[in-house]
file protein23.cif (mmCIF, C-alpha atoms and all ligand atoms)
data_work
loop_
_atom_site.label_atom_id
_atom_site.label_comp_id
_atom_site.auth_asym_id
_atom_site.auth_seq_id
_atom_site.Cartn_x
_atom_site.Cartn_y
_atom_site.Cartn_z
CA MET D 9 80.54 210.17 -45.77
CA ASN D 10 79.38 213.24 -43.81
CA ILE D 11 80.10 216.22 -46.04
CA LEU D 12 79.73 219.93 -45.32
CA LEU D 13 78.96 222.18 -48.29
CA THR D 14 79.80 225.83 -47.63
CA GLY D 15 77.74 227.89 -50.06
CA GLY D 16 75.55 224.81 -50.26
CA THR D 17 72.32 226.61 -51.21
CA GLY D 18 74.04 228.41 -54.10
CA TYR D 19 73.94 227.45 -57.76
CA ILE D 20 76.74 224.87 -57.98
CA GLY D 21 76.50 223.84 -54.32
CA SER D 22 72.82 222.87 -54.57
CA HIS D 23 73.37 220.70 -57.67
CA THR D 24 76.33 219.04 -56.00
CA ALA D 25 74.21 218.43 -52.90
CA ALA D 26 71.66 216.59 -55.08
CA VAL D 27 74.37 214.40 -56.62
CA LEU D 28 76.05 213.61 -53.28
CA ALA D 29 72.74 212.78 -51.58
CA ALA D 30 71.82 210.49 -54.48
CA ALA D 31 75.15 208.72 -53.91
CA ASN D 32 74.10 208.16 -50.27
CA HIS D 33 76.38 210.70 -48.66
CA GLN D 34 75.10 212.73 -45.69
CA VAL D 35 75.10 216.35 -46.76
CA VAL D 36 74.99 219.41 -44.50
CA LEU D 37 74.49 222.82 -46.09
CA TYR D 38 76.15 225.92 -44.62
CA ASP D 39 75.31 229.30 -46.15
CA ASN D 40 74.75 232.91 -45.08
CA LEU D 41 72.13 233.27 -47.86
CA CYS D 42 73.75 236.43 -49.27
CA ASN D 43 73.18 235.06 -52.78
CA SER D 44 70.69 232.22 -52.34
CA GLN D 45 67.53 231.24 -50.51
CA ALA D 46 66.74 228.86 -47.69
CA SER D 47 63.92 227.38 -49.82
CA VAL D 48 66.64 225.60 -51.84
CA ALA D 49 67.01 223.18 -48.92
CA ASP D 50 63.29 222.30 -49.18
CA ARG D 51 63.60 221.81 -52.92
CA LEU D 52 66.57 219.52 -52.40
CA GLN D 53 64.38 217.49 -50.06
CA THR D 54 61.78 217.17 -52.84
CA ILE D 55 64.47 216.13 -55.32
CA THR D 56 66.35 213.68 -53.12
CA GLY D 57 63.65 212.49 -50.70
CA LYS D 58 66.11 213.24 -47.90
CA THR D 59 66.40 216.02 -45.34
CA LEU D 60 69.53 218.05 -45.83
CA PRO D 61 70.20 220.14 -42.73
CA LEU D 62 70.86 223.83 -43.43
CA VAL D 63 72.99 225.86 -41.03
CA ILE D 64 72.51 229.57 -41.72
CA GLY D 65 75.85 231.20 -40.99
CA ASP D 66 78.83 233.01 -42.39
CA ILE D 67 82.11 231.22 -43.14
CA ARG D 68 83.89 234.01 -41.25
CA ASN D 69 82.12 232.79 -38.10
CA THR D 70 84.82 230.29 -37.09
CA LEU D 71 83.06 229.26 -33.89
CA LEU D 72 79.81 228.37 -35.64
CA LEU D 73 81.72 226.49 -38.34
CA THR D 74 83.72 224.57 -35.73
CA ASP D 75 80.55 223.69 -33.88
CA THR D 76 78.87 222.58 -37.14
CA LEU D 77 81.83 220.36 -38.10
CA LYS D 78 81.70 218.73 -34.65
CA THR D 79 77.93 218.38 -34.33
CA HIS D 80 77.52 216.72 -37.73
CA GLN D 81 80.76 214.69 -37.46
CA ILE D 82 81.91 216.10 -40.78
CA GLU D 83 84.61 214.14 -42.64
CA ALA D 84 85.06 216.34 -45.73
CA VAL D 85 84.24 219.89 -46.80
CA ILE D 86 83.38 221.19 -50.25
CA HIS D 87 83.99 224.91 -50.18
CA PHE D 88 81.72 226.79 -52.59
CA ALA D 89 81.00 229.87 -50.46
CA GLY D 90 82.32 233.02 -52.03
CA LEU D 91 81.42 236.17 -53.92
CA LYS D 92 81.84 235.82 -57.68
CA ALA D 93 80.92 239.03 -59.55
CA VAL D 94 84.10 240.29 -61.25
CA GLY D 95 82.82 243.88 -61.61
CA ASP D 96 81.89 244.11 -57.91
CA SER D 97 85.34 242.81 -56.98
CA VAL D 98 86.96 245.64 -58.97
CA ARG D 99 84.73 248.22 -57.24
CA ASP D 100 85.08 246.76 -53.75
CA PRO D 101 88.20 244.57 -53.45
CA VAL D 102 88.29 244.71 -49.64
CA THR D 103 84.89 243.06 -49.36
CA TYR D 104 85.97 240.38 -51.84
CA PHE D 105 89.22 239.55 -50.05
CA ASP D 106 87.46 239.59 -46.69
CA ASN D 107 84.68 237.27 -47.82
CA ASN D 108 86.67 234.92 -50.03
CA VAL D 109 90.19 234.86 -48.54
CA ALA D 110 89.52 235.64 -44.87
CA GLY D 111 86.44 233.40 -45.09
CA THR D 112 88.58 230.51 -46.33
CA LEU D 113 91.14 231.08 -43.56
CA SER D 114 88.33 230.90 -41.04
CA LEU D 115 87.15 227.62 -42.58
CA LEU D 116 90.68 226.19 -42.46
CA GLN D 117 90.99 227.18 -38.78
CA ALA D 118 87.72 225.40 -38.02
CA MET D 119 88.86 222.33 -39.98
CA GLN D 120 92.20 222.26 -38.15
CA ALA D 121 90.45 222.57 -34.80
CA THR D 122 88.30 219.54 -35.59
CA ALA D 123 90.91 217.51 -37.55
CA VAL D 124 88.86 217.52 -40.76
CA LYS D 125 91.53 217.27 -43.47
CA THR D 126 89.69 216.61 -46.72
CA LEU D 127 88.76 219.68 -48.77
CA VAL D 128 87.45 220.34 -52.26
CA PHE D 129 87.77 223.97 -53.27
CA SER D 130 85.81 225.86 -55.97
CA SER D 131 88.52 227.52 -58.00
CA SER D 132 88.13 228.94 -61.47
CA ALA D 133 89.67 228.97 -64.93
CA THR D 134 90.09 232.70 -64.37
CA VAL D 135 93.34 231.87 -62.45
CA TYR D 136 95.05 231.23 -65.82
CA GLY D 137 94.69 234.85 -66.97
CA GLU D 138 95.42 235.69 -70.58
CA PRO D 139 96.05 232.45 -72.52
CA GLN D 140 99.67 231.84 -73.49
CA TYR D 141 98.36 228.77 -75.32
CA LEU D 142 95.05 226.94 -75.65
CA PRO D 143 93.53 224.77 -74.44
CA TYR D 144 94.57 225.69 -70.91
CA ASP D 145 96.08 222.70 -69.15
CA GLU D 146 96.79 222.69 -65.43
CA LYS D 147 100.47 223.59 -66.06
CA HIS D 148 99.51 226.85 -67.78
CA PRO D 149 101.02 229.76 -65.79
CA THR D 150 98.59 231.49 -63.45
CA ARG D 151 97.93 235.21 -63.35
CA ALA D 152 94.93 237.00 -61.91
CA MET D 153 93.21 239.64 -64.03
CA ASN D 154 91.01 241.20 -61.32
CA PRO D 155 90.45 241.03 -57.53
CA TYR D 156 88.01 238.12 -57.85
CA GLY D 157 90.60 236.06 -59.74
CA ARG D 158 93.28 237.16 -57.29
CA SER D 159 91.15 235.95 -54.37
CA LYS D 160 90.99 232.49 -56.01
CA LEU D 161 94.76 232.50 -56.60
CA HIS D 162 95.50 233.61 -53.04
CA ILE D 163 93.35 230.77 -51.74
CA GLU D 164 95.08 228.23 -53.99
CA GLU D 165 98.45 229.48 -52.65
CA ILE D 166 97.28 229.25 -49.03
CA LEU D 167 96.08 225.70 -49.69
CA ALA D 168 99.44 224.80 -51.30
CA ASP D 169 101.28 226.02 -48.18
CA LEU D 170 98.90 224.07 -45.98
CA ALA D 171 99.51 220.92 -48.04
CA THR D 172 103.28 221.45 -47.74
CA ALA D 173 103.06 221.85 -43.98
CA HIS D 174 100.63 218.97 -43.41
CA ALA D 175 101.07 216.07 -45.82
CA ASP D 176 98.06 214.26 -44.33
CA TRP D 177 95.60 216.78 -45.81
CA ARG D 178 93.82 215.89 -49.06
CA ILE D 179 92.90 218.97 -51.09
CA ALA D 180 91.39 219.25 -54.56
CA CYS D 181 91.34 222.63 -56.30
CA LEU D 182 88.76 222.33 -59.06
CA ARG D 183 89.12 224.98 -61.74
CA TYR D 184 85.66 225.39 -63.24
CA PHE D 185 85.13 226.71 -66.74
CA ASN D 186 81.65 228.17 -67.48
CA PRO D 187 78.94 226.32 -65.52
CA VAL D 188 75.46 226.56 -67.05
CA GLY D 189 72.22 224.55 -67.09
CA ALA D 190 70.02 223.25 -64.33
CA HIS D 191 68.74 220.12 -62.61
CA GLU D 192 66.20 218.20 -64.71
CA SER D 193 63.48 218.76 -62.06
CA GLY D 194 63.36 222.50 -62.82
CA LEU D 195 63.45 223.07 -59.04
CA ILE D 196 67.02 224.36 -58.78
CA GLY D 197 69.11 226.35 -61.22
CA GLU D 198 70.82 229.68 -61.67
CA ASP D 199 68.52 232.54 -60.80
CA PRO D 200 70.54 235.74 -60.40
CA GLU D 201 69.00 238.82 -58.78
CA GLY D 202 68.49 241.73 -61.19
CA ILE D 203 69.99 241.78 -64.66
CA PRO D 204 72.33 238.80 -65.22
CA ASN D 205 76.00 239.45 -66.04
CA ASN D 206 76.58 236.08 -67.66
CA LEU D 207 75.54 235.01 -71.11
CA MET D 208 73.35 231.94 -70.46
CA PRO D 209 71.04 233.43 -67.79
CA PHE D 210 70.77 236.60 -69.89
CA VAL D 211 69.76 234.62 -72.98
CA ALA D 212 67.21 232.67 -70.90
CA ARG D 213 65.59 235.91 -69.72
CA VAL D 214 65.43 237.25 -73.29
CA ALA D 215 63.84 234.00 -74.46
CA SER D 216 61.22 234.28 -71.70
CA GLY D 217 60.43 237.89 -72.62
CA ALA D 218 61.70 239.30 -69.30
CA LEU D 219 64.43 241.21 -71.15
CA PRO D 220 63.96 242.71 -74.62
CA ARG D 221 67.22 241.72 -76.32
CA LEU D 222 70.70 240.32 -75.88
CA THR D 223 73.67 242.61 -76.35
CA ILE D 224 76.52 240.68 -77.96
CA PHE D 225 79.77 242.10 -76.65
CA GLY D 226 81.85 242.27 -79.82
CA ASN D 227 81.84 240.34 -83.10
CA ASP D 228 85.32 241.30 -84.25
CA TYR D 229 87.40 238.85 -82.20
CA GLU D 230 89.79 236.48 -83.93
CA THR D 231 87.43 233.57 -83.45
CA PRO D 232 85.58 231.54 -86.12
CA ASP D 233 82.50 233.81 -86.11
CA GLY D 234 84.02 236.87 -84.39
CA THR D 235 82.20 236.42 -81.07
CA GLY D 236 83.68 235.32 -77.73
CA VAL D 237 84.36 231.62 -77.19
CA ARG D 238 83.98 229.82 -73.84
CA ASP D 239 83.90 226.27 -72.49
CA TYR D 240 80.33 225.85 -71.14
CA VAL D 241 79.91 222.88 -68.84
CA HIS D 242 76.59 221.50 -67.58
CA VAL D 243 76.21 222.11 -63.85
CA MET D 244 75.15 218.47 -63.32
CA ASP D 245 78.38 217.29 -64.97
CA LEU D 246 80.23 219.72 -62.73
CA ALA D 247 78.37 218.38 -59.68
CA GLU D 248 79.39 214.84 -60.63
CA GLY D 249 82.98 216.11 -60.92
CA HIS D 250 82.89 216.94 -57.20
CA LEU D 251 81.81 213.43 -56.32
CA ALA D 252 84.61 212.05 -58.51
CA ALA D 253 87.12 214.43 -56.88
CA LEU D 254 86.09 213.36 -53.38
CA GLU D 255 86.38 209.69 -54.28
CA SER D 256 89.80 210.17 -55.89
CA LEU D 257 91.12 212.18 -52.93
CA GLY D 258 90.58 209.13 -50.74
CA LYS D 259 92.79 207.05 -53.05
CA GLY D 260 95.55 209.51 -54.03
CA SER D 261 98.79 210.16 -52.21
CA ALA D 262 99.38 213.81 -53.18
CA PRO D 263 98.15 216.25 -50.49
CA ILE D 264 96.97 218.77 -53.12
CA ARG D 265 95.96 218.61 -56.73
CA TYR D 266 94.56 220.99 -59.34
CA THR D 267 92.05 219.88 -61.95
CA ASN D 268 90.20 221.61 -64.77
CA LEU D 269 86.49 220.88 -64.96
CA GLY D 270 85.37 221.73 -68.47
CA THR D 271 84.30 219.95 -71.64
CA GLY D 272 87.32 220.91 -73.73
CA ILE D 273 84.97 222.35 -76.35
CA GLY D 274 84.87 226.05 -77.24
CA VAL D 275 81.43 227.51 -78.04
CA SER D 276 80.85 231.02 -79.43
CA VAL D 277 78.16 233.47 -78.34
CA LEU D 278 76.36 233.00 -81.67
CA GLU D 279 76.50 229.20 -81.38
CA LEU D 280 75.04 229.33 -77.88
CA VAL D 281 72.26 231.69 -78.96
CA GLN D 282 71.35 229.39 -81.88
CA ALA D 283 71.35 226.33 -79.58
CA PHE D 284 69.07 228.17 -77.16
CA LYS D 285 66.67 229.16 -79.95
CA ASP D 286 66.51 225.49 -80.99
CA ALA D 287 65.97 224.27 -77.42
CA SER D 288 63.31 226.83 -76.48
CA GLY D 289 61.57 227.49 -79.79
CA GLN D 290 61.73 231.17 -78.85
CA ASP D 291 63.10 234.12 -80.75
CA ILE D 292 66.17 235.75 -79.16
CA PRO D 293 66.58 239.28 -80.54
CA SER D 294 70.14 240.60 -80.29
CA VAL D 295 72.29 243.61 -81.10
CA VAL D 296 76.06 243.79 -81.36
CA SER D 297 77.90 246.35 -79.22
CA ASP D 298 81.54 247.06 -78.36
CA ARG D 299 83.64 244.46 -76.60
CA ARG D 300 83.15 244.21 -72.83
CA PRO D 301 86.23 245.63 -71.07
CA GLY D 302 88.49 242.90 -69.67
CA ASP D 303 86.92 240.10 -71.77
CA LEU D 304 89.20 237.46 -73.27
CA PRO D 305 88.48 236.47 -76.88
CA ALA D 306 88.50 232.72 -76.26
CA TYR D 307 89.37 230.06 -73.71
CA TYR D 308 88.60 226.43 -73.08
CA ALA D 309 89.92 223.53 -71.04
CA ASP D 310 92.25 220.70 -71.65
CA ALA D 311 90.09 218.15 -69.84
CA THR D 312 92.57 215.26 -70.04
CA LYS D 313 93.75 215.37 -66.41
CA ALA D 314 90.19 215.16 -65.03
CA LYS D 315 89.63 212.03 -67.11
CA GLN D 316 92.93 210.45 -66.06
CA GLU D 317 92.94 211.35 -62.37
CA LEU D 318 89.26 211.60 -61.46
CA GLY D 319 87.82 209.27 -64.09
CA TRP D 320 85.47 212.16 -64.89
CA SER D 321 84.47 213.75 -68.15
CA ALA D 322 81.48 215.85 -69.13
CA THR D 323 78.74 213.87 -70.89
CA ARG D 324 76.02 216.46 -71.44
CA THR D 325 75.76 218.46 -74.68
CA LEU D 326 75.19 222.14 -75.39
CA ALA D 327 71.59 221.22 -76.31
CA ASP D 328 71.18 219.60 -72.84
CA MET D 329 72.55 222.77 -71.21
CA CYS D 330 70.10 224.99 -73.10
CA GLN D 331 67.09 222.67 -72.62
CA SER D 332 67.60 222.40 -68.85
CA THR D 333 68.14 226.16 -68.52
CA TRP D 334 64.93 226.80 -70.44
CA HIS D 335 62.99 224.24 -68.39
CA PHE D 336 64.19 225.89 -65.17
CA GLN D 337 63.28 229.34 -66.52
CA VAL D 338 59.74 228.20 -67.40
CA CYS D 339 59.30 226.49 -64.01
CA ALA D 340 60.63 229.57 -62.16
CA LYS D 341 58.12 231.77 -64.00
CA GLN D 342 55.26 229.41 -63.11
CA ARG D 343 56.31 229.42 -59.44
CA ALA D 344 56.41 233.23 -59.42
CA ASN D 345 52.82 233.51 -60.79
P1 LIG F 1 76.50 231.26 -55.85
O1 LIG F 1 76.59 232.71 -55.51
O2 LIG F 1 75.24 230.75 -56.45
O3 LIG F 1 76.84 230.37 -54.57
C1 LIG F 1 77.72 230.80 -53.57
C2 LIG F 1 77.01 230.64 -52.24
O4 LIG F 1 77.90 231.06 -51.20
C3 LIG F 1 75.75 231.49 -52.13
O5 LIG F 1 74.67 230.67 -51.71
C4 LIG F 1 76.09 232.54 -51.06
O6 LIG F 1 74.96 232.89 -50.31
C5 LIG F 1 77.15 231.81 -50.25
N1 LIG F 1 78.12 232.67 -49.58
C6 LIG F 1 78.85 233.69 -50.09
N2 LIG F 1 79.63 234.23 -49.14
C7 LIG F 1 79.40 233.53 -48.00
C8 LIG F 1 79.91 233.63 -46.68
N3 LIG F 1 80.78 234.57 -46.33
N4 LIG F 1 79.47 232.75 -45.76
C9 LIG F 1 78.55 231.79 -46.09
N5 LIG F 1 78.03 231.67 -47.32
C10 LIG F 1 78.45 232.54 -48.27
O7 LIG F 1 77.75 230.93 -56.80
P2 LIG F 1 78.10 229.60 -57.60
O8 LIG F 1 77.99 229.92 -59.04
O9 LIG F 1 77.35 228.45 -57.04
O10 LIG F 1 79.64 229.50 -57.27
C11 LIG F 1 80.13 228.65 -56.24
C12 LIG F 1 81.64 228.80 -56.18
O11 LIG F 1 82.19 228.47 -57.45
C13 LIG F 1 82.12 230.22 -55.86
O12 LIG F 1 83.23 230.13 -54.99
C14 LIG F 1 82.54 230.76 -57.20
O13 LIG F 1 83.56 231.71 -57.10
C15 LIG F 1 83.05 229.49 -57.89
N6 LIG F 1 82.99 229.58 -59.37
C16 LIG F 1 81.81 229.85 -59.98
C17 LIG F 1 81.76 229.96 -61.36
C18 LIG F 1 80.47 230.31 -62.06
O14 LIG F 1 80.52 230.75 -63.21
N7 LIG F 1 79.30 230.12 -61.44
C19 LIG F 1 82.92 229.78 -62.12
C20 LIG F 1 84.11 229.46 -61.46
C21 LIG F 1 84.13 229.37 -60.07
N1 LIG F 2 78.44 237.95 -73.43
C1 LIG F 2 77.67 238.70 -74.29
N2 LIG F 2 76.57 239.35 -73.78
C2 LIG F 2 76.19 239.26 -72.48
C3 LIG F 2 76.99 238.47 -71.61
C4 LIG F 2 78.10 237.84 -72.12
O1 LIG F 2 77.99 238.81 -75.47
O2 LIG F 2 75.19 239.87 -72.09
C5 LIG F 2 79.62 237.24 -73.95
C6 LIG F 2 80.93 237.62 -73.30
O3 LIG F 2 81.51 238.72 -73.97
C7 LIG F 2 81.75 236.34 -73.44
C8 LIG F 2 80.69 235.24 -73.36
O4 LIG F 2 79.45 235.86 -73.66
O5 LIG F 2 82.37 236.29 -74.71
C9 LIG F 2 80.59 234.59 -71.99
O6 LIG F 2 80.40 235.61 -71.01
P1 LIG F 2 80.09 235.25 -69.49
O7 LIG F 2 80.01 236.55 -68.74
O8 LIG F 2 78.94 234.32 -69.41
O9 LIG F 2 81.39 234.40 -69.04
P2 LIG F 2 82.90 234.88 -68.79
O10 LIG F 2 83.21 235.97 -69.78
O11 LIG F 2 82.96 235.35 -67.38
O12 LIG F 2 83.71 233.66 -69.04
#

call {"tool": "encode", "arguments": {"input": "protein23.cif", "output": "structure tokens", "more": "lines below"}}
Ligand code: NAD
Ligand code: UDP
result
Amino acid sequence: MNILLTGGTGYIGSHTAAVLAAANHQVVLYDNLCNSQASVADRLQTITGKTLPLVIGDIRNTLLLTDTLKTHQIEAVIHFAGLKAVGDSVRDPVTYFDNNVAGTLSLLQAMQATAVKTLVFSSSATVYGEPQYLPYDEKHPTRAMNPYGRSKLHIEEILADLATAHADWRIACLRYFNPVGAHESGLIGEDPEGIPNNLMPFVARVASGALPRLTIFGNDYETPDGTGVRDYVHVMDLAEGHLAALESLGKGSAPIRYTNLGTGIGVSVLELVQAFKDASGQDIPSVVSDRRPGDLPAYYADATKAKQELGWSATRTLADMCQSTWHFQVCAKQRAN
């Protein structure tokens, strides 16, 4: 199948590109490079042995998108492109809604103009808001906690209306939990600019000596060891989830469906730090500070629906996630020197 990946040079997009290319799909990357680099396309060529065309453009450029869909005879789109920093979305909501929501509308216009009706959308577990029960299943009520989460919810609602109006569309909203880890090659992974906001890349930088210590945001939560609990899922498992979603969309009769992509296992900050120490053999100094404003104590997925409907479940362990992150970190440092 000819598949367009918006945000295709980003963290999750690039890993999904590797998985799709290995499954003999023709992948086209579309990205404005606001949070990634064109060199990712070259690295994907090294990994896959195939040339993956990269179109440098913004998803709000409907004409360029339409032209790309036509030129490459695209049959399905996986829509990763978006801004994802919660704090930035609170400071600058207009930019977030413009990029994420208006950008998605532009994509949908281009898809309608070219009769491309198969879409996989990168949603997030953040759409569930404060847990009313755990694990979150897909029937859990939704409620956004910040503009980033609201942009994801708005998009899900737009897609639901589209599916109601046009029953021949096939749309999968994949609600990711906490993607971490990297491709085994060490060539692609998560490499945020500046100081990372998220736990795993922060821990990796402390282990490598680039940052002096980890600050643990609170150890007085009502969790087994007092620190925050999340459902970390290996990015290669997540990438395989996209392939499974695409394959199941072809078979299913519902125009839209929502699926959690997580492991179903909650892991605390302290457990992750210990696993990373074991994987890297490095010391990871840490201090405990106050809770981070807006943080939830704990959440994790009910992963049953993904297994039933997509035939997908995560297979990689926390140790795999830490080992691949560390390998990527070491390789990235070697490349920089
Ligand atoms: P990322 O920033 O690495 O990748 C996103 C890519 O989209 C980047 O390459 C960026 O340059 C591109 N992009 C952004 N705005 C664009 C625009 N207007 N036009 C064209 N390209 C644009 O992020 P990621 O972690 O790979 O996330 C991919 C998607 O998954 C995002 O939509 C994100 O909200 C969602 N998601 C991510 C996580 C996570 O923790 N990483 C969790 C849940 C959901
Ligand atoms: N966390 C932490 N120190 C950091 C970054 C994160 O203690 O420098 C904690 C955070 O409070 C949460 C967990 O690690 O309990 C996961 O945070 P992350 O930002 O990676 O994911 P999110 O909270 O967005 O799910």

call {"tool": "residues_around", "arguments": {"input": "protein23.cif", "residues": "Tyr308 of chain D", "least_positions_apart": "5", "cutoff": "9 Å", "atoms": "only C-alpha atoms", "output": "NGL selection string"}}
result
:D and (133 or 142-144 or 185 or 237-240 or 270-275)

call {"tool": "write_last_selection", "arguments": {"input": "protein23.cif", "atoms": "C-alpha atoms", "output": "short mmCIF file (atom, residue, chain, number, x, y, z; two decimals), in the frame of the given file"}}
result
data_model
loop_
_atom_site.label_atom_id
_atom_site.label_comp_id
_atom_site.auth_asym_id
_atom_site.auth_seq_id
_atom_site.Cartn_x
_atom_site.Cartn_y
_atom_site.Cartn_z
CA ALA D 133 89.67 228.97 -64.93
CA LEU D 142 95.05 226.94 -75.65
CA PRO D 143 93.53 224.77 -74.44
CA TYR D 144 94.57 225.69 -70.91
CA PHE D 185 85.13 226.71 -66.74
CA VAL D 237 84.36 231.62 -77.19
CA ARG D 238 83.98 229.82 -73.84
CA ASP D 239 83.90 226.27 -72.49
CA TYR D 240 80.33 225.85 -71.14
CA GLY D 270 85.37 221.73 -68.47
CA THR D 271 84.30 219.95 -71.64
CA GLY D 272 87.32 220.91 -73.73
CA ILE D 273 84.97 222.35 -76.35
CA GLY D 274 84.87 226.05 -77.24
CA VAL D 275 81.43 227.51 -78.04
#

call {"tool": "residues_near_ligand", "arguments": {"input": "protein23.cif", "ligand": "ligand LIG 1 (chain F)", "cutoff": "7 Å", "atoms": "all atoms listed in the file", "output": "number ranges by chain"}}
result
D: 14-21, 38-44, 65-68, 88-92, 107-108, 111, 130-133, 183-187, 198

call {"tool": "atom_distance", "arguments": {"input": "protein23.cif", "atom1": "atom CA of Pro305 of chain D", "atom2": "atom CA of Asp228 of chain D"}}
result
9.4 Å

call {"tool": "atom_distance", "arguments": {"input": "protein23.cif", "atom1": "atom CA of Gly157 of chain D", "atom2": "atom CA of Val94 of chain D"}}
result
7.9 Å

call {"tool": "closest_residue", "arguments": {"input": "protein23.cif", "among": "D:Thr56, D:Ser114, D:Asn268, D:Ser216", "to": "Gln342 of chain D", "atoms": "all atoms listed in the file"}}
result
D:Ser216

call {"tool": "atom_distance", "arguments": {"input": "protein23.cif", "atom1": "atom CA of Thr223 of chain D", "atom2": "atom CA of Asp96 of chain D"}}
result
20.2 Å

call {"tool": "residues_near_ligand", "arguments": {"input": "protein23.cif", "ligand": "ligand LIG 2 (chain F)", "cutoff": "6 Å", "atoms": "all atoms listed in the file", "output": "JSON, numbers by chain"}}
result
{"D": [205, 206, 207, 210, 222, 223, 224, 225, 236, 237, 277, 300, 303]}

call {"tool": "closest_residue", "arguments": {"input": "protein23.cif", "among": "D:His148, D:Arg158, D:His23, D:Arg178", "to": "Leu52 of chain D", "atoms": "only C-alpha atoms"}}
result
D:His23

call {"tool": "residues_near_point", "arguments": {"input": "protein23.cif", "point": "(66.7, 233.7, -72.2)", "cutoff": "10 Å", "atoms": "only C-alpha atoms", "output": "PDB file with C-alpha atoms, keeping the file's coordinate frame"}}
result
ATOM      1  CA  LEU D 207      75.540 235.010 -71.110  1.00  0.00           C
ATOM      2  CA  MET D 208      73.350 231.940 -70.460  1.00  0.00           C
ATOM      3  CA  PRO D 209      71.040 233.430 -67.790  1.00  0.00           C
ATOM      4  CA  PHE D 210      70.770 236.600 -69.890  1.00  0.00           C
ATOM      5  CA  VAL D 211      69.760 234.620 -72.980  1.00  0.00           C
ATOM      6  CA  ALA D 212      67.210 232.670 -70.900  1.00  0.00           C
ATOM      7  CA  ARG D 213      65.590 235.910 -69.720  1.00  0.00           C
ATOM      8  CA  VAL D 214      65.430 237.250 -73.290  1.00  0.00           C
ATOM      9  CA  ALA D 215      63.840 234.000 -74.460  1.00  0.00           C
ATOM     10  CA  SER D 216      61.220 234.280 -71.700  1.00  0.00           C
ATOM     11  CA  GLY D 217      60.430 237.890 -72.620  1.00  0.00           C
ATOM     12  CA  ALA D 218      61.700 239.300 -69.300  1.00  0.00           C
ATOM     13  CA  LEU D 219      64.430 241.210 -71.150  1.00  0.00           C
ATOM     14  CA  PRO D 220      63.960 242.710 -74.620  1.00  0.00           C
ATOM     15  CA  ARG D 221      67.220 241.720 -76.320  1.00  0.00           C
ATOM     16  CA  LEU D 222      70.700 240.320 -75.880  1.00  0.00           C
ATOM     17  CA  VAL D 281      72.260 231.690 -78.960  1.00  0.00           C
ATOM     18  CA  PHE D 284      69.070 228.170 -77.160  1.00  0.00           C
ATOM     19  CA  LYS D 285      66.670 229.160 -79.950  1.00  0.00           C
ATOM     20  CA  SER D 288      63.310 226.830 -76.480  1.00  0.00           C
ATOM     21  CA  GLN D 290      61.730 231.170 -78.850  1.00  0.00           C
ATOM     22  CA  ASP D 291      63.100 234.120 -80.750  1.00  0.00           C
ATOM     23  CA  ILE D 292      66.170 235.750 -79.160  1.00  0.00           C
ATOM     24  CA  CYS D 330      70.100 224.990 -73.100  1.00  0.00           C
ATOM     25  CA  THR D 333      68.140 226.160 -68.520  1.00  0.00           C
ATOM     26  CA  TRP D 334      64.930 226.800 -70.440  1.00  0.00           C
ATOM     27  CA  GLN D 337      63.280 229.340 -66.520  1.00  0.00           C
TER      28      GLN D 337
END

call {"tool": "closest_residue", "arguments": {"input": "protein23.cif", "among": "D:Thr267, D:Ser261, D:Thr76, D:Ser256", "to": "Ala309 of chain D", "atoms": "only C-alpha atoms"}}
result
D:Thr267

call {"tool": "closest_residue", "arguments": {"input": "protein23.cif", "among": "D:Pro61, D:Pro139, D:Gly189, D:Pro232", "to": "Leu304 of chain D", "atoms": "all atoms listed in the file"}}
result
D:Pro139

call {"tool": "residues_around", "arguments": {"input": "protein23.cif", "residues": "Asn10 of chain D", "least_positions_apart": "2", "cutoff": "9 Å", "atoms": "all atoms listed in the file", "output": "JSON list (two decimals) with C-alpha atoms, keeping the file's coordinate frame"}}
result
[["chain", "number", "residue", "atom", "x", "y", "z"],
["D", 12, "LEU", "CA", 79.73, 219.93, -45.32],
["D", 33, "HIS", "CA", 76.38, 210.70, -48.66],
["D", 34, "GLN", "CA", 75.10, 212.73, -45.69],
["D", 35, "VAL", "CA", 75.10, 216.35, -46.76],
["D", 36, "VAL", "CA", 74.99, 219.41, -44.50],
["D", 80, "HIS", "CA", 77.52, 216.72, -37.73],
["D", 81, "GLN", "CA", 80.76, 214.69, -37.46],
["D", 82, "ILE", "CA", 81.91, 216.10, -40.78],
["D", 83, "GLU", "CA", 84.61, 214.14, -42.64],
["D", 84, "ALA", "CA", 85.06, 216.34, -45.73],
["D", 85, "VAL", "CA", 84.24, 219.89, -46.80]]

call {"tool": "closest_residue", "arguments": {"input": "protein23.cif", "among": "D:Asp75, D:His191, D:Ala180, D:Ala26", "to": "Met329 of chain D", "atoms": "all atoms listed in the file"}}
result
D:His191

call {"tool": "residues_around", "arguments": {"input": "protein23.cif", "residues": "Ser97 of chain D", "least_positions_apart": "3", "cutoff": "6 Å", "atoms": "only C-alpha atoms", "output": "MDAnalysis selection string"}}
result
chainID D and resid 94 100:101 104 155:156

call {"tool": "axis_aligned_box", "arguments": {"input": "protein23.cif", "around": "segment 174-192 of chain D", "padding_each_side": "6 Å", "output": "JSON"}}
result
{"center_x": 83.6, "center_y": 221.2, "center_z": -55.4, "size_x": 46.9, "size_y": 25.9, "size_z": 36.1}

call {"tool": "closest_residue", "arguments": {"input": "protein23.cif", "among": "D:Thr150, D:Thr323, D:Ser159, D:Thr24", "to": "Phe105 of chain D", "atoms": "only C-alpha atoms"}}
result
D:Ser159
